[in-house]
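J.: This is the structure I have questions about; it appears just below.
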Amino acid sequence: MRVVWAYLILSLVLSACSGAKAGPEAEFAPTCIEDLAGHSVALPGGSSTDLLVSAYPDIDILRISLGDIPIAVKSGRAEFGFLQEVQFDANQMVRQGFKKYFAGILRGSGAVAFRKDDVALCDEFNHFLREMKASGEYDRWYHAWLHNLDSMTLEAGKRPAPREGKKLVVGITLAHPYIFLQQDVITGIEPDLMNLFCRSAGYSPEYIIVQFPALIPSLNANKIDLILSHLLVTPERAKQVLFSDEYMEGGLCCFGVDPQWGASGSAGIWTRTKKSIRDNLIEEDRWKLLGNGLTVTLELSILSLLLAILLGILLCYLRMRSNVVISGTTRVFVDVVRGIPVLVILMIMFYVIFAKVHLSGVTVSIFGFGLFFGACFSEVFRSGMLSVDSGQWEAGAALGMNKMQSFRFIAFPQALKRIVPVFKGEVIALIKSTSIVGYVAVLDLTFAGDIIRTRTLDAFFPLILVSIIYIILSRLSGTLLDTLDRKLNASK
């Protein structure tokens with residue numbers, strides 16, 4: 001634990017010292033996309049912005065998640081970034097040292113996306129939206145949000161929750177002020193609109209946070225019922241989804257770090273450290289996000305480990321059978337599974353194998369990790385069994401034991417002593433691998449850290465905090481297995 005505490009203190013100091021903002025030089029101020037040639041630009045991958053900027057091959061594009069764009073510009077990973085004008089203004093990014101260079105490009109309309117065959121639900125939403133616009137309620141609602149975000153957030157939270165009814169699974173991507181978490185509750189312009197619709201139509205909304213590139217695949221795989229994520233209507237997207245009537249208009253702006261922004265390192269190290277703790281943990285009770293994410297990570301790790309052990313034992317048994325067909329088939333299966341990256345396995349299971357089955361991302365992740373690490377464990381178990389000399393089995397037979405008794409009392413205890421050191425590394429690898437489940441809509445520890453980063457624009461502190469938690473989990477699991485190893489070797 002001393003190592004962990006030293007790492008924590010060093011990280012906090014580095015976090016406090018890492019405030020230097022790299023940005024474009026003072027004399028360069030782009031006025032259009034063409035001016036960005038030869039410069040690096042951060043934008044959301046797979047978006048309309050990506051399609052637009054990709055037409056300019058001289059621009060160095062950094063494709064990242066939407067919430068990480070300001071962080072990339074602030075840290076100097078990219079010189080400029082693209083955001084919706086509403087996002088730039090609502091987040092008061094000028095106060096955070098950013099400058100808007102040009103705006104008004106890629107103006108378009110946002111709409112809710114439904115599956116192509118879900119015409120009835122789309123018509124129901126359109127009817128609600130038209131009535132809201134005809135009564136003038138829409139204009140009052142929309143302008144109230146844009147001109148007074150803080151009070152509208154509070155007002156939206158005080159409104160009665162949608163009454164119980166048919167569940168409506170809504171896929172979202174966090175991006176303030178459209179959709180964001182406040183006090184562990186999903187709020188913002190778009191959830192407020194959806195809640196108004198659900199109250200009117202008698203639905204009960206369930207919001208699922210999904211990575212932006214995975215929104216349309218999740219919709220078409222029946223994992224969600226609709227997409228509510230400031231999605232611009234484009235001809236390419238219209239081929240894959242059914243768009244509702246437009247409910248929001250907007251355009252992009254290009255921004256960068258303001259060259260006139262004062263030096264950020266003027267405050268003392270501990271003052272800035274305390275500010276990081278307050279912004280990333282205390283403000284809006286963001287520590288609860290990490291707590292909930294840690295709970296999910298532990299659940300995934302423990303259940304996946306148990307499933308992987310059971311599957312690994314089964315595969316090991318089949319692999320060591322004398323039947324050539326069973327042994328050979330098992331070997332091919334194990335080689336194929338181990339040869340596929342675990343993230344690809346998760347996505348295949350989530351979007352293909354279990355596409356038509358309404359299983360949560362957590363359940364699918366447990367199956368995915370259980371399958372992958374079960375294949376890995378089977379080879380560990382098999383190598384341990386093969387390390388037991390055949391004479392040990394013969395000795396068991398000489399003592400009148402059958403094969404099961406020889407395995408239980410002679411072979412297994414010897415194999416276990418050789419397996420534990422290797423098994424320890426696989427267990428730690430499993431725990432760390434759970435950090436990728438955000439790709440299948442699971443809010444784990446890493447994803448929770450990402451959400452905090454998108455709100456605070458602090459790239460360093462949340463990542464370091466998440467890293468420290470993983471180190472502690474790895475150390476604890478390693479210590480438990482080391483204790484088991486010592487007990488086994490003490491019994492020689």
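Letters for chains follow the order of the structure tokens (A, B, ...), residue numbers begin at 1 for each chain, and ligand numbers begin at 1 in the order shown.
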At a cut-off of 10 Å, using only C-alpha atoms, what residues contact segment 474-484 of chain A? Leave out same-chain residues fewer than 3 positions from it and give the result as a list of chain:residue names.
T.: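 Counting only C-alpha atoms, the residues come to A:Met1, A:Val4, A:Lys417, A:Val420, A:Pro421, A:Phe423, A:Lys424, A:Gly425, A:Val427, A:Ile428, A:Ala429, A:Leu430, A:Ile431, A:Lys432, A:Ile468, A:Ile469, A:Tyr470, A:Ile471, A:Lys487, A:Leu488, A:Asn489, A:Ala490.
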J.: I'd like a table as CSV: residues in segment 50-140 of chain A with an atom no more than 9 Å from segment 205-222 of chain A, each row giving the shortest atom pair and its distance in Å to one decimal, only C-alpha atoms counted, sorted by chain and rising residue number.
T.:
residue,atom,partner,partner_atom,distance
A:Ser65,CA,A:Phe212,CA,7.3
A:Leu66,CA,A:Phe212,CA,7.8
A:Ala113,CA,A:Ile216,CA,8.4
A:Phe114,CA,A:Leu219,CA,7.4
A:Arg115,CA,A:Asn220,CA,6.3
A:Lys116,CA,A:Asn220,CA,8.5
J.: May I have the residues within 8 Å of Asn195 of chain A as a list in words, using only C-alpha atoms and disregarding those fewer than 2 positions away in the same chain?
T.: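 Answer for this query is Ala161, Pro162, Pro191, Asp192, Leu193, Phe197, Cys198, Arg199 and Pro205 of chain A.
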J.: Going by DSSP on the backbone, which bits of segment 55-264 of chain A are strand (DSSP E or B)? Write them as a PyMOL selection string, please.
T.: chain A and resi 60-64+80-84+98-114+166-172+175+179-182+185-187+203-209+226-227+232+242-257
J.: Using only C-alpha atoms, which protein or nucleic acid residues come within 10 Å of Gln405 of chain A? Drop anything in the same chain fewer than 6 positions from it, and give the result as a PyMOL selection string.
T.: chain A and resi 393+396-397+411-412
J.: Export, as a CSV table (one decimal), in the first residue's frame, the selected residues with C-alpha atoms.
T.:
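This is the output file selection_13.csv:
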chain,number,residue,atom,x,y,z
A,393,TRP,CA,-1.2,-41.5,-11.6
A,396,GLY,CA,-2.5,-43.8,-7.3
A,397,ALA,CA,-3.6,-46.9,-9.2
A,411,ALA,CA,-2.7,-34.9,-9.3
A,412,PHE,CA,-4.8,-31.9,-8.5
J.: If you count only C-alpha atoms, which residues fall within 12 Å of Leu315 of chain A, apart from same-chain ones fewer than 4 positions away, as an NGL selection string?
T.: :A and (308-311 or 319-321 or 326-335 or 337 or 371-382)
J.: Name the residues in contact with Leu129 of chain A at a cut-off of 12 Å, using only C-alpha atoms, excluding same-chain residues fewer than 5 positions from it; report them as a tab-separated table (two decimals) with N, CA, C and O atoms, in the first residue's frame.
T.:
chain	number	residue	atom	x	y	z
A	111	ALA	N	-32.89	15.56	-34.73
A	111	ALA	CA	-34.14	14.81	-34.66
A	111	ALA	C	-33.92	13.53	-33.87
A	111	ALA	O	-32.78	13.09	-33.67
A	112	VAL	N	-35.00	12.94	-33.41
A	112	VAL	CA	-34.94	11.64	-32.74
A	112	VAL	C	-34.89	10.56	-33.80
A	112	VAL	O	-35.59	10.64	-34.82
A	122	CYS	N	-42.61	6.58	-33.98
A	122	CYS	CA	-42.15	7.83	-34.59
A	122	CYS	C	-43.33	8.78	-34.81
A	122	CYS	O	-43.24	9.98	-34.51
A	123	ASP	N	-44.44	8.25	-35.33
A	123	ASP	CA	-45.63	9.08	-35.56
A	123	ASP	C	-46.17	9.63	-34.23
A	123	ASP	O	-46.63	10.78	-34.17
A	124	GLU	N	-46.09	8.82	-33.18
A	124	GLU	CA	-46.57	9.25	-31.87
A	124	GLU	C	-45.75	10.43	-31.36
A	124	GLU	O	-46.30	11.41	-30.83
A	134	ALA	N	-47.57	23.90	-32.00
A	134	ALA	CA	-48.79	24.65	-32.33
A	134	ALA	C	-49.30	25.46	-31.16
A	134	ALA	O	-49.84	26.57	-31.33
A	135	SER	N	-49.12	24.97	-29.95
A	135	SER	CA	-49.60	25.67	-28.76
A	135	SER	C	-48.66	26.78	-28.29
A	135	SER	O	-49.02	27.56	-27.42
A	136	GLY	N	-47.48	26.84	-28.86
A	136	GLY	CA	-46.49	27.82	-28.44
A	136	GLY	C	-45.65	27.36	-27.26
A	136	GLY	O	-44.71	28.05	-26.85
A	137	GLU	N	-45.99	26.21	-26.69
A	137	GLU	CA	-45.25	25.70	-25.54
A	137	GLU	C	-43.82	25.36	-25.91
A	137	GLU	O	-42.90	25.54	-25.11
A	138	TYR	N	-43.61	24.88	-27.14
A	138	TYR	CA	-42.27	24.50	-27.57
A	138	TYR	C	-41.33	25.70	-27.56
A	138	TYR	O	-40.21	25.61	-27.06
A	139	ASP	N	-41.79	26.83	-28.12
A	139	ASP	CA	-40.93	28.02	-28.17
A	139	ASP	C	-40.57	28.49	-26.78
A	139	ASP	O	-39.41	28.86	-26.52
A	141	TRP	N	-40.47	26.68	-24.04
A	141	TRP	CA	-39.58	25.66	-23.45
A	141	TRP	C	-38.17	25.79	-24.00
A	141	TRP	O	-37.19	25.80	-23.25
A	193	LEU	N	-37.19	17.15	-22.84
A	193	LEU	CA	-38.17	17.00	-23.92
A	193	LEU	C	-38.72	15.58	-23.96
A	193	LEU	O	-39.94	15.38	-24.11
A	194	MET	N	-37.85	14.59	-23.80
A	194	MET	CA	-38.30	13.20	-23.83
A	194	MET	C	-39.21	12.89	-22.64
A	194	MET	O	-40.20	12.16	-22.77
A	196	LEU	N	-41.17	15.02	-21.15
A	196	LEU	CA	-42.46	15.63	-21.46
A	196	LEU	C	-43.27	14.73	-22.39
A	196	LEU	O	-44.49	14.55	-22.21
A	197	PHE	N	-42.62	14.15	-23.38
A	197	PHE	CA	-43.30	13.23	-24.30
A	197	PHE	C	-43.80	11.99	-23.57
A	197	PHE	O	-44.94	11.55	-23.77
A	198	CYS	N	-42.93	11.42	-22.72
A	198	CYS	CA	-43.31	10.20	-22.00
A	198	CYS	C	-44.47	10.45	-21.04
A	198	CYS	O	-45.35	9.59	-20.87
A	200	SER	N	-46.76	12.62	-21.52
A	200	SER	CA	-47.94	12.80	-22.37
A	200	SER	C	-48.46	11.48	-22.93
A	200	SER	O	-49.67	11.26	-23.00
A	201	ALA	N	-47.53	10.61	-23.32
A	201	ALA	CA	-47.92	9.36	-24.01
A	201	ALA	C	-48.00	8.16	-23.08
A	201	ALA	O	-48.41	7.08	-23.52
A	244	SER	N	-37.47	11.48	-36.81
A	244	SER	CA	-38.70	12.20	-36.45
A	244	SER	C	-38.67	13.59	-37.08
A	244	SER	O	-37.73	13.95	-37.80
A	245	ASP	N	-39.70	14.38	-36.79
A	245	ASP	CA	-39.64	15.79	-37.17
A	245	ASP	C	-38.49	16.46	-36.41
A	245	ASP	O	-38.08	16.00	-35.34
A	246	GLU	N	-37.99	17.54	-36.96
A	246	GLU	CA	-36.85	18.23	-36.34
A	246	GLU	C	-37.30	18.97	-35.09
A	246	GLU	O	-38.36	19.58	-35.06
A	247	TYR	N	-36.48	18.88	-34.04
A	247	TYR	CA	-36.83	19.57	-32.80
A	247	TYR	C	-35.76	20.57	-32.36
A	247	TYR	O	-35.94	21.27	-31.36
A	248	MET	N	-34.67	20.66	-33.11
A	248	MET	CA	-33.60	21.57	-32.70
A	248	MET	C	-32.72	21.90	-33.89
A	248	MET	O	-32.48	21.04	-34.75
J.: For the atom pair atom CA of Ile313 of chain A and atom CA of Val352 of chain A, what is the interatomic distance in Å to one decimal place?
T.: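 Separation of atom CA of Ile313 of chain A and atom CA of Val352 of chain A: 26.9 Å.
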J.: Could you tell me, as a compact mmCIF listing (two decimals) with N, CA, C and O atoms, in the first residue's frame, which residues of segment 92-238 of chain A DSSP assigns to alpha helix (DSSP H) when given the backbone?
T.:
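Okay, selection-v2.txt is ready:
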# COMPACT_ATOMS: atom_id res chain seq x y z
N VAL A 119 -42.55 2.74 -37.14
CA VAL A 119 -43.24 3.92 -37.66
C VAL A 119 -44.24 4.45 -36.64
O VAL A 119 -44.41 5.66 -36.50
N ALA A 120 -44.92 3.55 -35.94
CA ALA A 120 -45.96 3.97 -35.00
C ALA A 120 -45.39 4.85 -33.89
O ALA A 120 -45.97 5.90 -33.55
N LEU A 121 -44.26 4.45 -33.32
CA LEU A 121 -43.65 5.24 -32.25
C LEU A 121 -43.17 6.58 -32.78
O LEU A 121 -43.31 7.62 -32.11
N CYS A 122 -42.61 6.58 -33.98
CA CYS A 122 -42.15 7.83 -34.59
C CYS A 122 -43.33 8.78 -34.81
O CYS A 122 -43.24 9.98 -34.51
N ASP A 123 -44.44 8.25 -35.33
CA ASP A 123 -45.63 9.08 -35.56
C ASP A 123 -46.17 9.63 -34.23
O ASP A 123 -46.63 10.78 -34.17
N GLU A 124 -46.09 8.82 -33.18
CA GLU A 124 -46.57 9.25 -31.87
C GLU A 124 -45.75 10.43 -31.36
O GLU A 124 -46.30 11.41 -30.83
N PHE A 125 -44.43 10.35 -31.52
CA PHE A 125 -43.58 11.46 -31.09
C PHE A 125 -43.82 12.69 -31.94
O PHE A 125 -43.88 13.82 -31.42
N ASN A 126 -43.97 12.49 -33.27
CA ASN A 126 -44.21 13.63 -34.16
C ASN A 126 -45.51 14.35 -33.80
O ASN A 126 -45.58 15.59 -33.83
N HIS A 127 -46.54 13.58 -33.46
CA HIS A 127 -47.83 14.18 -33.08
C HIS A 127 -47.67 15.03 -31.82
O HIS A 127 -48.19 16.16 -31.75
N PHE A 128 -46.92 14.51 -30.84
CA PHE A 128 -46.66 15.26 -29.61
C PHE A 128 -45.90 16.55 -29.92
O PHE A 128 -46.25 17.63 -29.41
N LEU A 129 -44.88 16.46 -30.78
CA LEU A 129 -44.04 17.62 -31.08
C LEU A 129 -44.84 18.68 -31.83
O LEU A 129 -44.71 19.89 -31.56
N ARG A 130 -45.69 18.27 -32.76
CA ARG A 130 -46.49 19.23 -33.52
C ARG A 130 -47.49 19.95 -32.63
O ARG A 130 -47.71 21.16 -32.78
N GLU A 131 -48.09 19.21 -31.72
CA GLU A 131 -49.02 19.85 -30.79
C GLU A 131 -48.30 20.84 -29.88
O GLU A 131 -48.82 21.92 -29.57
N MET A 132 -47.10 20.48 -29.45
CA MET A 132 -46.32 21.36 -28.58
C MET A 132 -45.95 22.64 -29.31
O MET A 132 -45.97 23.74 -28.74
N LYS A 133 -45.60 22.52 -30.61
CA LYS A 133 -45.23 23.70 -31.39
C LYS A 133 -46.46 24.56 -31.70
O LYS A 133 -46.39 25.80 -31.66
N ALA A 134 -47.57 23.90 -32.00
CA ALA A 134 -48.79 24.65 -32.33
C ALA A 134 -49.30 25.46 -31.16
O ALA A 134 -49.84 26.57 -31.33
N GLU A 137 -45.99 26.21 -26.69
CA GLU A 137 -45.25 25.70 -25.54
C GLU A 137 -43.82 25.36 -25.91
O GLU A 137 -42.90 25.54 -25.11
N TYR A 138 -43.61 24.88 -27.14
CA TYR A 138 -42.27 24.50 -27.57
C TYR A 138 -41.33 25.70 -27.56
O TYR A 138 -40.21 25.61 -27.06
N ASP A 139 -41.79 26.83 -28.12
CA ASP A 139 -40.93 28.02 -28.17
C ASP A 139 -40.57 28.49 -26.78
O ASP A 139 -39.41 28.86 -26.52
N ARG A 140 -41.55 28.50 -25.86
CA ARG A 140 -41.26 28.92 -24.48
C ARG A 140 -40.27 27.97 -23.82
O ARG A 140 -39.34 28.41 -23.14
N TRP A 141 -40.47 26.68 -24.04
CA TRP A 141 -39.58 25.66 -23.45
C TRP A 141 -38.17 25.79 -24.00
O TRP A 141 -37.19 25.80 -23.25
N TYR A 142 -38.05 25.88 -25.32
CA TYR A 142 -36.73 25.90 -25.97
C TYR A 142 -35.93 27.14 -25.57
O TYR A 142 -34.76 27.05 -25.20
N HIS A 143 -36.55 28.31 -25.63
CA HIS A 143 -35.82 29.55 -25.32
C HIS A 143 -35.50 29.63 -23.83
O HIS A 143 -34.47 30.19 -23.45
N ALA A 144 -36.35 29.07 -22.99
CA ALA A 144 -36.05 29.05 -21.56
C ALA A 144 -34.79 28.24 -21.28
O ALA A 144 -33.94 28.64 -20.47
N TRP A 145 -34.65 27.13 -21.95
CA TRP A 145 -33.44 26.31 -21.78
C TRP A 145 -32.20 27.05 -22.26
O TRP A 145 -31.18 27.10 -21.57
N LEU A 146 -32.26 27.61 -23.44
CA LEU A 146 -31.07 28.22 -24.03
C LEU A 146 -30.61 29.46 -23.27
O LEU A 146 -29.42 29.75 -23.22
N HIS A 147 -31.54 30.18 -22.66
CA HIS A 147 -31.18 31.45 -22.03
C HIS A 147 -31.03 31.36 -20.52
O HIS A 147 -30.60 32.33 -19.89
N LEU A 149 -29.92 28.10 -18.46
CA LEU A 149 -29.69 26.67 -18.32
C LEU A 149 -29.76 26.19 -16.88
O LEU A 149 -30.33 25.15 -16.58
N ASP A 150 -29.18 26.95 -15.96
CA ASP A 150 -29.14 26.52 -14.57
C ASP A 150 -30.53 26.39 -13.97
O ASP A 150 -30.88 25.38 -13.38
N SER A 151 -31.35 27.44 -14.11
CA SER A 151 -32.69 27.38 -13.52
C SER A 151 -33.56 26.36 -14.24
O SER A 151 -34.42 25.73 -13.62
N MET A 152 -33.35 26.18 -15.55
CA MET A 152 -34.15 25.20 -16.28
C MET A 152 -33.80 23.79 -15.84
O MET A 152 -34.66 22.91 -15.80
N THR A 153 -32.54 23.56 -15.49
CA THR A 153 -32.15 22.26 -14.98
C THR A 153 -32.88 21.96 -13.68
O THR A 153 -33.40 20.86 -13.47
N LEU A 154 -32.94 22.96 -12.80
CA LEU A 154 -33.64 22.78 -11.53
C LEU A 154 -35.13 22.59 -11.76
O LEU A 154 -35.78 21.76 -11.12
N GLU A 155 -35.68 23.35 -12.70
CA GLU A 155 -37.11 23.24 -12.98
C GLU A 155 -37.45 21.86 -13.54
O GLU A 155 -38.46 21.26 -13.17
N ALA A 156 -36.59 21.38 -14.43
CA ALA A 156 -36.82 20.05 -15.01
C ALA A 156 -36.77 18.98 -13.93
O ALA A 156 -37.53 18.00 -13.97
N GLY A 157 -35.89 19.17 -12.93
CA GLY A 157 -35.78 18.18 -11.86
C GLY A 157 -36.98 18.18 -10.94
O GLY A 157 -37.28 17.17 -10.29
N LYS A 158 -37.70 19.32 -10.85
CA LYS A 158 -38.87 19.41 -9.97
C LYS A 158 -40.14 18.90 -10.64
O LYS A 158 -41.15 18.69 -9.98
N ILE A 189 -31.42 19.44 -21.96
CA ILE A 189 -32.47 19.87 -22.89
C ILE A 189 -33.23 18.68 -23.45
O ILE A 189 -34.47 18.65 -23.43
N GLU A 190 -32.50 17.69 -23.96
CA GLU A 190 -33.16 16.58 -24.64
C GLU A 190 -33.88 15.62 -23.69
O GLU A 190 -35.02 15.20 -23.97
N PRO A 191 -33.29 15.23 -22.54
CA PRO A 191 -34.06 14.39 -21.62
C PRO A 191 -35.33 15.07 -21.12
O PRO A 191 -36.35 14.41 -20.90
N ASP A 192 -35.28 16.41 -20.96
CA ASP A 192 -36.48 17.12 -20.52
C ASP A 192 -37.58 17.02 -21.58
O ASP A 192 -38.76 16.80 -21.26
N LEU A 193 -37.19 17.15 -22.84
CA LEU A 193 -38.17 17.00 -23.92
C LEU A 193 -38.72 15.58 -23.96
O LEU A 193 -39.94 15.38 -24.11
N MET A 194 -37.85 14.59 -23.80
CA MET A 194 -38.30 13.20 -23.83
C MET A 194 -39.21 12.89 -22.64
O MET A 194 -40.20 12.16 -22.77
N ASN A 195 -38.88 13.45 -21.47
CA ASN A 195 -39.74 13.24 -20.30
C ASN A 195 -41.12 13.85 -20.50
O ASN A 195 -42.14 13.27 -20.08
N LEU A 196 -41.17 15.02 -21.15
CA LEU A 196 -42.46 15.63 -21.46
C LEU A 196 -43.27 14.73 -22.39
O LEU A 196 -44.49 14.55 -22.21
N PHE A 197 -42.62 14.15 -23.38
CA PHE A 197 -43.30 13.23 -24.30
C PHE A 197 -43.80 11.99 -23.57
O PHE A 197 -44.94 11.55 -23.77
N CYS A 198 -42.93 11.42 -22.72
CA CYS A 198 -43.31 10.20 -22.00
C CYS A 198 -44.47 10.45 -21.04
O CYS A 198 -45.35 9.59 -20.87
N ARG A 199 -44.47 11.62 -20.40
CA ARG A 199 -45.59 11.94 -19.52
C ARG A 199 -46.88 12.07 -20.32
O ARG A 199 -47.96 11.68 -19.87
N SER A 200 -46.76 12.62 -21.52
CA SER A 200 -47.94 12.80 -22.37
C SER A 200 -48.46 11.48 -22.93
O SER A 200 -49.67 11.26 -23.00
N ALA A 201 -47.53 10.61 -23.32
CA ALA A 201 -47.92 9.36 -24.01
C ALA A 201 -48.00 8.16 -23.08
O ALA A 201 -48.41 7.08 -23.52
N LEU A 215 -24.32 4.25 -31.36
CA LEU A 215 -25.74 4.56 -31.19
C LEU A 215 -26.61 3.88 -32.25
O LEU A 215 -27.57 3.18 -31.92
N ILE A 216 -26.29 4.09 -33.51
CA ILE A 216 -27.11 3.50 -34.59
C ILE A 216 -27.01 1.97 -34.60
O ILE A 216 -28.03 1.29 -34.73
N PRO A 217 -25.81 1.37 -34.43
CA PRO A 217 -25.76 -0.10 -34.31
C PRO A 217 -26.59 -0.62 -33.14
O PRO A 217 -27.23 -1.67 -33.26
N SER A 218 -26.59 0.09 -32.02
CA SER A 218 -27.39 -0.34 -30.87
C SER A 218 -28.88 -0.27 -31.19
O SER A 218 -29.66 -1.14 -30.77
N LEU A 219 -29.28 0.76 -31.92
CA LEU A 219 -30.69 0.90 -32.30
C LEU A 219 -31.12 -0.24 -33.22
O LEU A 219 -32.15 -0.88 -32.99
N ASN A 220 -30.33 -0.50 -34.24
CA ASN A 220 -30.68 -1.54 -35.21
C ASN A 220 -30.53 -2.94 -34.65
O ASN A 220 -31.06 -3.90 -35.21
N PRO A 235 -28.41 12.53 -45.12
CA PRO A 235 -28.89 11.49 -46.04
C PRO A 235 -28.34 10.10 -45.72
O PRO A 235 -29.05 9.10 -45.86
N GLU A 236 -27.07 10.05 -45.28
CA GLU A 236 -26.47 8.75 -44.97
C GLU A 236 -27.17 8.10 -43.78
O GLU A 236 -27.47 6.90 -43.79
N ARG A 237 -27.44 8.88 -42.74
CA ARG A 237 -28.11 8.33 -41.57
C ARG A 237 -29.56 7.97 -41.86
O ARG A 237 -30.10 7.01 -41.31
N ALA A 238 -30.19 8.74 -42.75
CA ALA A 238 -31.58 8.48 -43.09
C ALA A 238 -31.76 7.14 -43.79
O ALA A 238 -32.86 6.59 -43.81
J.: Report, in Å with one decimal, the straight-line distance from atom CA of Ser383 of chain A to atom CA of Phe369 of chain A.
T.: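 Computing the Euclidean distance for atom CA of Ser383 of chain A and atom CA of Phe369 of chain A yields 21.1 Å.
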J.: Need the shell around Ala72 of chain A: protein/DNA/RNA residues with any atom at most 10 Å away, counting only C-alpha atoms. Skip same-chain ones fewer than 2 positions apart. Format as a short mmCIF file (atom, residue, chain, number, x, y, z; two decimals) with N, CA, C and O atoms, in the first residue's frame?
T.:
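Listing of part_15.cif after writing:
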data_model
loop_
_atom_site.label_atom_id
_atom_site.label_comp_id
_atom_site.auth_asym_id
_atom_site.auth_seq_id
_atom_site.Cartn_x
_atom_site.Cartn_y
_atom_site.Cartn_z
N ALA A 22 -1.46 24.28 -24.07
CA ALA A 22 -0.84 24.45 -25.37
C ALA A 22 -1.91 24.80 -26.38
O ALA A 22 -2.95 24.17 -26.44
N VAL A 41 -6.90 19.05 -35.64
CA VAL A 41 -8.27 19.39 -35.25
C VAL A 41 -8.89 18.18 -34.57
O VAL A 41 -8.83 17.06 -35.08
N ALA A 42 -9.51 18.40 -33.41
CA ALA A 42 -10.21 17.33 -32.69
C ALA A 42 -11.69 17.38 -33.02
O ALA A 42 -12.31 18.45 -33.00
N LEU A 43 -12.26 16.21 -33.30
CA LEU A 43 -13.68 16.13 -33.61
C LEU A 43 -14.20 14.73 -33.30
O LEU A 43 -13.42 13.78 -33.18
N LEU A 62 -7.94 14.49 -35.38
CA LEU A 62 -7.87 13.65 -34.19
C LEU A 62 -9.30 13.23 -33.86
O LEU A 62 -10.10 14.04 -33.38
N ILE A 64 -11.93 11.55 -31.68
CA ILE A 64 -12.11 11.14 -30.29
C ILE A 64 -13.59 11.28 -29.94
O ILE A 64 -14.41 11.70 -30.76
N GLY A 67 -17.12 14.31 -25.75
CA GLY A 67 -16.80 14.98 -24.50
C GLY A 67 -15.32 15.25 -24.30
O GLY A 67 -14.95 16.09 -23.48
N ASP A 68 -14.46 14.55 -25.05
CA ASP A 68 -13.02 14.71 -24.88
C ASP A 68 -12.43 15.81 -25.75
O ASP A 68 -11.24 16.10 -25.66
N ILE A 69 -13.24 16.41 -26.61
CA ILE A 69 -12.71 17.42 -27.54
C ILE A 69 -12.12 18.62 -26.81
O ILE A 69 -10.97 19.00 -27.08
N PRO A 70 -12.83 19.26 -25.87
CA PRO A 70 -12.20 20.38 -25.15
C PRO A 70 -10.95 19.97 -24.39
O PRO A 70 -9.99 20.74 -24.30
N LYS A 74 -7.38 21.63 -24.79
CA LYS A 74 -6.80 22.24 -23.58
C LYS A 74 -5.42 21.67 -23.27
O LYS A 74 -4.51 22.38 -22.85
N SER A 75 -5.25 20.35 -23.50
CA SER A 75 -3.98 19.70 -23.17
C SER A 75 -2.96 19.82 -24.30
O SER A 75 -1.81 19.41 -24.13
N GLY A 76 -3.37 20.35 -25.45
CA GLY A 76 -2.43 20.51 -26.56
C GLY A 76 -2.36 19.34 -27.50
O GLY A 76 -1.54 19.33 -28.42
N ARG A 77 -3.21 18.33 -27.31
CA ARG A 77 -3.23 17.19 -28.24
C ARG A 77 -3.73 17.63 -29.61
O ARG A 77 -3.40 17.02 -30.63
N ALA A 78 -4.56 18.66 -29.65
CA ALA A 78 -5.03 19.23 -30.91
C ALA A 78 -5.03 20.75 -30.77
O ALA A 78 -5.23 21.28 -29.67
N GLU A 79 -4.80 21.44 -31.87
CA GLU A 79 -4.77 22.90 -31.81
C GLU A 79 -6.17 23.50 -31.78
O GLU A 79 -6.40 24.52 -31.14
N PHE A 80 -7.10 22.85 -32.49
CA PHE A 80 -8.46 23.36 -32.58
C PHE A 80 -9.45 22.22 -32.40
O PHE A 80 -9.09 21.04 -32.50
N GLY A 81 -10.68 22.58 -32.17
CA GLY A 81 -11.74 21.59 -32.03
C GLY A 81 -13.04 22.12 -32.59
O GLY A 81 -13.21 23.33 -32.80
N LEU A 457 -13.49 18.96 -17.65
CA LEU A 457 -12.41 19.24 -18.61
C LEU A 457 -11.04 19.03 -17.99
O LEU A 457 -10.05 19.63 -18.42
N ALA A 459 -8.29 16.46 -17.66
CA ALA A 459 -7.89 15.19 -18.26
C ALA A 459 -7.09 14.33 -17.31
O ALA A 459 -7.10 13.10 -17.40
#
J.: How many Å lie between atom CA of Leu343 of chain A and atom CA of Arg453 of chain A, rounded to one decimal?
T.: 22.7 Å
